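Since the structure comes first, as structure tokens, the remarks are kept for the end.
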Amino acid sequence: MARRKSKRSNRKIIEMVILFVVGTWLLVAALKAGTDLAVPYDYDEIIETYSKEYKVEKTLVAAVIYQESRYRPAAVSSVGATGLMQIMPDTAQWLSSKMNVTYKKSDLMDPDYNIRMGTYYLNYLLKKYNGDEKLALAAYNAGPGNVDGWLRDERYSDGGNLTEIPFKETRDYVPNVIKMKDVYQSLYSGRFQVKP
């Protein structure tokens, strides 16, 4: 009897040590990614809905939102990008016609509308670049016109693969989003399924 209690006690200690180690690892990974561990719990349902509808990984959407606005729905950049996914008004106008939805600039402050539009745009870019996440993210940040130009320019491309990103902001943006996606995959392994 005492032996069983001892085994259960040892098992509990081992489980707690494992949880501590995993938690510490996640914290270190998040700090290396330069994050303050902003979590999208308030937007889980919206992210789930549109990730599923547009077949984009939930953790990718969560990571883009983190990188773009740190989960601040009223964020507006110095160049006018608006809302959680920092959508430019001209891009929103174009997307609204493709999505067959109405558009007013104030709509971009609505989390549901903004995440829907941003996730649709990620889907569009992933299709445009044949599922290449790095190209899609570069285009989300710098615009597809710039990425298309870089792909045609042998200074930045080896004939179809982007070898260098000339914009520093975009060069930093792409790996930062990918790091956050990895952090969210770890944090939400039970909350979000990794694939749509």
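How things are named: the first chain in the structure tokens is A, the next is B, and so on; residues count from 1 in each chain; ligands count from 1 in the order shown.
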**Message:** I'd like the neighbourhood of Gln67 in chain A as JSON, numbers by chain, where a residue qualifies if any of its atoms comes within 9 Å (using only C-alpha atoms), though same-chain residues fewer than 4 positions away should be ignored.
**Reply:** {"A": [62, 63, 71, 85, 173, 176, 177, 180]}
Limited to N, CA and C atoms, could you put the picked residues into a file as a CSV table (one decimal), in the first residue's frame?
chain,number,residue,atom,x,y,z
A,62,ALA,N,-3.1,33.6,-36.3
A,62,ALA,CA,-2.8,34.1,-34.9
A,62,ALA,C,-1.4,34.8,-34.9
A,63,ALA,N,-0.5,34.3,-35.6
A,63,ALA,CA,0.9,34.9,-35.7
A,63,ALA,C,0.9,36.2,-36.5
A,71,TYR,N,-2.6,42.2,-31.2
A,71,TYR,CA,-4.0,41.9,-30.8
A,71,TYR,C,-4.7,43.2,-30.4
A,85,MET,N,-5.4,42.8,-38.3
A,85,MET,CA,-4.5,42.3,-39.3
A,85,MET,C,-3.9,43.4,-40.2
A,173,TYR,N,10.1,40.7,-40.8
A,173,TYR,CA,8.7,40.3,-40.6
A,173,TYR,C,8.5,38.8,-40.9
A,176,ASN,N,9.9,36.6,-38.1
A,176,ASN,CA,9.1,36.8,-36.8
A,176,ASN,C,7.8,36.2,-36.8
A,177,VAL,N,7.1,36.2,-37.9
A,177,VAL,CA,5.7,35.6,-38.0
A,177,VAL,C,5.9,34.1,-37.9
A,180,MET,N,6.5,33.2,-34.3
A,180,MET,CA,5.3,33.2,-33.5
A,180,MET,C,4.3,32.1,-33.8
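Residues in contact range of Asp148 in chain A, defined as at most 10 Å between only C-alpha atoms, with sequence neighbours fewer than 5 positions away removed, read Tyr129, Leu135, Ala139, Gly143, Asp153, Gly160 and Leu162 of chain A.
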Take the residues just selected and output them with C-alpha atoms as a short mmCIF file (atom, residue, chain, number, x, y, z; two decimals), in the first residue's frame.
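The result, written out as again-v4.cif:
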data_model
loop_
_atom_site.label_atom_id
_atom_site.label_comp_id
_atom_site.auth_asym_id
_atom_site.auth_seq_id
_atom_site.Cartn_x
_atom_site.Cartn_y
_atom_site.Cartn_z
CA TYR A 129 2.61 31.59 -54.40
CA LEU A 135 6.52 34.33 -50.15
CA ALA A 139 3.64 39.70 -49.98
CA GLY A 143 2.70 43.72 -51.32
CA ASP A 153 15.12 40.23 -60.36
CA GLY A 160 11.67 31.28 -58.85
CA LEU A 162 13.46 34.35 -53.32
#
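With only C-alpha atoms taken into account, the protein and nucleic acid residues at most 9 Å from range 91-108 of chain A (excluding it and anything under 2 positions from it in its own chain) are A:Pro73, A:Ala74, A:Thr82, A:Gly83, A:Leu84, A:Met85, A:Gln86, A:Ile87, A:Met88, A:Pro89, A:Asp110, A:Pro111, A:Asp112, A:Tyr113, A:Asn114, A:Ile115, A:Met117, A:Gly118, A:Tyr120, A:Tyr121.
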From the DSSP assignment of the backbone, select every residue of range 18-192 of chain A that is helix (DSSP H, G or I), and format the answer as a PDB file with C-alpha atoms, in the first residue's frame.
ATOM      1  CA  ILE A  18       7.823  17.764 -17.150  1.00  0.00           C
ATOM      2  CA  LEU A  19       5.195  20.528 -17.107  1.00  0.00           C
ATOM      3  CA  PHE A  20       7.723  22.931 -15.604  1.00  0.00           C
ATOM      4  CA  VAL A  21      10.357  22.063 -18.224  1.00  0.00           C
ATOM      5  CA  VAL A  22       7.888  22.396 -21.112  1.00  0.00           C
ATOM      6  CA  GLY A  23       6.553  25.681 -19.718  1.00  0.00           C
ATOM      7  CA  THR A  24      10.073  27.037 -19.302  1.00  0.00           C
ATOM      8  CA  TRP A  25      10.975  25.966 -22.834  1.00  0.00           C
ATOM      9  CA  LEU A  26       7.878  27.729 -24.232  1.00  0.00           C
ATOM     10  CA  LEU A  27       8.699  30.883 -22.304  1.00  0.00           C
ATOM     11  CA  VAL A  28      12.287  30.886 -23.576  1.00  0.00           C
ATOM     12  CA  ALA A  29      11.094  30.247 -27.152  1.00  0.00           C
ATOM     13  CA  ALA A  30       8.613  33.094 -26.865  1.00  0.00           C
ATOM     14  CA  LEU A  31      11.223  35.464 -25.472  1.00  0.00           C
ATOM     15  CA  LYS A  32      13.628  34.527 -28.267  1.00  0.00           C
ATOM     16  CA  TYR A  41      -8.132  33.855 -26.709  1.00  0.00           C
ATOM     17  CA  ASP A  42     -10.576  36.721 -27.281  1.00  0.00           C
ATOM     18  CA  TYR A  43     -10.514  35.943 -30.999  1.00  0.00           C
ATOM     19  CA  ASP A  44     -10.285  32.121 -30.966  1.00  0.00           C
ATOM     20  CA  GLU A  45     -13.772  31.618 -32.348  1.00  0.00           C
ATOM     21  CA  ILE A  46     -13.317  34.147 -35.169  1.00  0.00           C
ATOM     22  CA  ILE A  47      -9.900  32.727 -36.079  1.00  0.00           C
ATOM     23  CA  GLU A  48     -11.341  29.191 -36.028  1.00  0.00           C
ATOM     24  CA  THR A  49     -14.263  30.177 -38.267  1.00  0.00           C
ATOM     25  CA  TYR A  50     -12.299  31.949 -40.994  1.00  0.00           C
ATOM     26  CA  SER A  51      -9.266  29.669 -40.877  1.00  0.00           C
ATOM     27  CA  LYS A  52     -11.571  26.777 -41.587  1.00  0.00           C
ATOM     28  CA  GLU A  53     -13.535  28.665 -44.260  1.00  0.00           C
ATOM     29  CA  TYR A  54     -10.421  29.859 -46.113  1.00  0.00           C
ATOM     30  CA  LYS A  58      -5.077  28.940 -37.416  1.00  0.00           C
ATOM     31  CA  THR A  59      -1.660  29.445 -35.884  1.00  0.00           C
ATOM     32  CA  LEU A  60      -0.526  31.357 -38.986  1.00  0.00           C
ATOM     33  CA  VAL A  61      -3.499  33.716 -38.682  1.00  0.00           C
ATOM     34  CA  ALA A  62      -2.797  34.138 -34.949  1.00  0.00           C
ATOM     35  CA  ALA A  63       0.889  34.855 -35.655  1.00  0.00           C
ATOM     36  CA  VAL A  64       0.094  37.437 -38.353  1.00  0.00           C
ATOM     37  CA  ILE A  65      -2.317  39.197 -35.985  1.00  0.00           C
ATOM     38  CA  TYR A  66       0.342  39.207 -33.281  1.00  0.00           C
ATOM     39  CA  GLN A  67       3.011  40.604 -35.599  1.00  0.00           C
ATOM     40  CA  GLU A  68       0.712  43.169 -37.181  1.00  0.00           C
ATOM     41  CA  SER A  69      -1.137  44.615 -34.175  1.00  0.00           C
ATOM     42  CA  PRO A  89      -7.750  50.617 -47.137  1.00  0.00           C
ATOM     43  CA  ASP A  90      -6.897  50.155 -50.844  1.00  0.00           C
ATOM     44  CA  THR A  91      -6.267  46.443 -50.260  1.00  0.00           C
ATOM     45  CA  ALA A  92      -9.530  46.206 -48.314  1.00  0.00           C
ATOM     46  CA  GLN A  93     -11.426  47.855 -51.179  1.00  0.00           C
ATOM     47  CA  TRP A  94      -9.939  45.354 -53.647  1.00  0.00           C
ATOM     48  CA  LEU A  95     -10.571  42.397 -51.324  1.00  0.00           C
ATOM     49  CA  SER A  96     -14.175  43.439 -50.692  1.00  0.00           C
ATOM     50  CA  SER A  97     -14.902  43.225 -54.422  1.00  0.00           C
ATOM     51  CA  LYS A  98     -13.269  39.762 -54.650  1.00  0.00           C
ATOM     52  CA  MET A  99     -15.155  38.581 -51.549  1.00  0.00           C
ATOM     53  CA  LYS A 105     -13.065  52.042 -43.783  1.00  0.00           C
ATOM     54  CA  SER A 106     -14.585  51.784 -40.296  1.00  0.00           C
ATOM     55  CA  ASP A 107     -15.325  48.075 -40.971  1.00  0.00           C
ATOM     56  CA  LEU A 108     -11.608  47.373 -40.574  1.00  0.00           C
ATOM     57  CA  MET A 109     -11.893  48.139 -36.841  1.00  0.00           C
ATOM     58  CA  PRO A 111     -12.420  42.166 -35.365  1.00  0.00           C
ATOM     59  CA  ASP A 112     -14.722  39.754 -37.212  1.00  0.00           C
ATOM     60  CA  TYR A 113     -14.599  41.723 -40.463  1.00  0.00           C
ATOM     61  CA  ASN A 114     -10.853  42.348 -40.197  1.00  0.00           C
ATOM     62  CA  ILE A 115      -9.915  38.730 -39.440  1.00  0.00           C
ATOM     63  CA  ARG A 116     -12.238  37.501 -42.185  1.00  0.00           C
ATOM     64  CA  MET A 117     -10.651  39.824 -44.731  1.00  0.00           C
ATOM     65  CA  GLY A 118      -7.073  39.202 -43.549  1.00  0.00           C
ATOM     66  CA  THR A 119      -7.529  35.428 -43.581  1.00  0.00           C
ATOM     67  CA  TYR A 120      -9.065  35.568 -47.061  1.00  0.00           C
ATOM     68  CA  TYR A 121      -6.050  37.621 -48.177  1.00  0.00           C
ATOM     69  CA  LEU A 122      -3.609  35.095 -46.672  1.00  0.00           C
ATOM     70  CA  ASN A 123      -5.445  32.332 -48.543  1.00  0.00           C
ATOM     71  CA  TYR A 124      -5.228  34.342 -51.769  1.00  0.00           C
ATOM     72  CA  LEU A 125      -1.478  34.907 -51.311  1.00  0.00           C
ATOM     73  CA  LEU A 126      -0.790  31.277 -50.384  1.00  0.00           C
ATOM     74  CA  LYS A 127      -2.572  30.179 -53.575  1.00  0.00           C
ATOM     75  CA  LYS A 128      -0.776  32.821 -55.660  1.00  0.00           C
ATOM     76  CA  GLU A 133       4.418  30.528 -46.747  1.00  0.00           C
ATOM     77  CA  LYS A 134       7.508  32.746 -46.825  1.00  0.00           C
ATOM     78  CA  LEU A 135       6.523  34.328 -50.151  1.00  0.00           C
ATOM     79  CA  ALA A 136       2.924  34.773 -48.985  1.00  0.00           C
ATOM     80  CA  LEU A 137       4.084  36.479 -45.782  1.00  0.00           C
ATOM     81  CA  ALA A 138       6.513  38.700 -47.682  1.00  0.00           C
ATOM     82  CA  ALA A 139       3.638  39.695 -49.984  1.00  0.00           C
ATOM     83  CA  TYR A 140       1.314  40.308 -47.015  1.00  0.00           C
ATOM     84  CA  ASN A 141       3.879  42.759 -45.648  1.00  0.00           C
ATOM     85  CA  ALA A 142       5.419  44.351 -48.750  1.00  0.00           C
ATOM     86  CA  PRO A 144       2.527  41.111 -54.068  1.00  0.00           C
ATOM     87  CA  GLY A 145       3.777  43.590 -56.677  1.00  0.00           C
ATOM     88  CA  ASN A 146       7.070  43.955 -54.817  1.00  0.00           C
ATOM     89  CA  VAL A 147       7.435  40.204 -54.288  1.00  0.00           C
ATOM     90  CA  ASP A 148       6.689  39.513 -57.964  1.00  0.00           C
ATOM     91  CA  GLY A 149       9.355  42.072 -58.910  1.00  0.00           C
ATOM     92  CA  TRP A 150      11.898  40.496 -56.560  1.00  0.00           C
ATOM     93  CA  LEU A 151      11.207  37.072 -58.037  1.00  0.00           C
ATOM     94  CA  ARG A 152      11.960  38.436 -61.525  1.00  0.00           C
ATOM     95  CA  LYS A 168      14.496  45.306 -44.033  1.00  0.00           C
ATOM     96  CA  GLU A 169      11.000  45.468 -42.542  1.00  0.00           C
ATOM     97  CA  THR A 170       9.888  42.499 -44.650  1.00  0.00           C
ATOM     98  CA  ARG A 171      13.171  40.650 -44.092  1.00  0.00           C
ATOM     99  CA  ASP A 172      12.463  40.857 -40.332  1.00  0.00           C
ATOM    100  CA  TYR A 173       8.701  40.335 -40.647  1.00  0.00           C
ATOM    101  CA  VAL A 174       8.756  36.916 -42.316  1.00  0.00           C
ATOM    102  CA  PRO A 175      10.898  35.051 -39.729  1.00  0.00           C
ATOM    103  CA  ASN A 176       9.147  36.839 -36.847  1.00  0.00           C
ATOM    104  CA  VAL A 177       5.741  35.594 -38.009  1.00  0.00           C
ATOM    105  CA  ILE A 178       7.101  32.078 -38.503  1.00  0.00           C
ATOM    106  CA  LYS A 179       8.618  32.104 -34.982  1.00  0.00           C
ATOM    107  CA  MET A 180       5.303  33.245 -33.503  1.00  0.00           C
ATOM    108  CA  LYS A 181       3.462  30.576 -35.476  1.00  0.00           C
ATOM    109  CA  ASP A 182       5.757  27.981 -33.862  1.00  0.00           C
ATOM    110  CA  VAL A 183       5.130  29.484 -30.411  1.00  0.00           C
ATOM    111  CA  TYR A 184       1.363  29.412 -30.973  1.00  0.00           C
ATOM    112  CA  GLN A 185       1.563  25.821 -32.222  1.00  0.00           C
ATOM    113  CA  SER A 186       3.190  24.894 -28.912  1.00  0.00           C
ATOM    114  CA  LEU A 187       0.905  27.027 -26.748  1.00  0.00           C
TER     115      LEU A 187
END
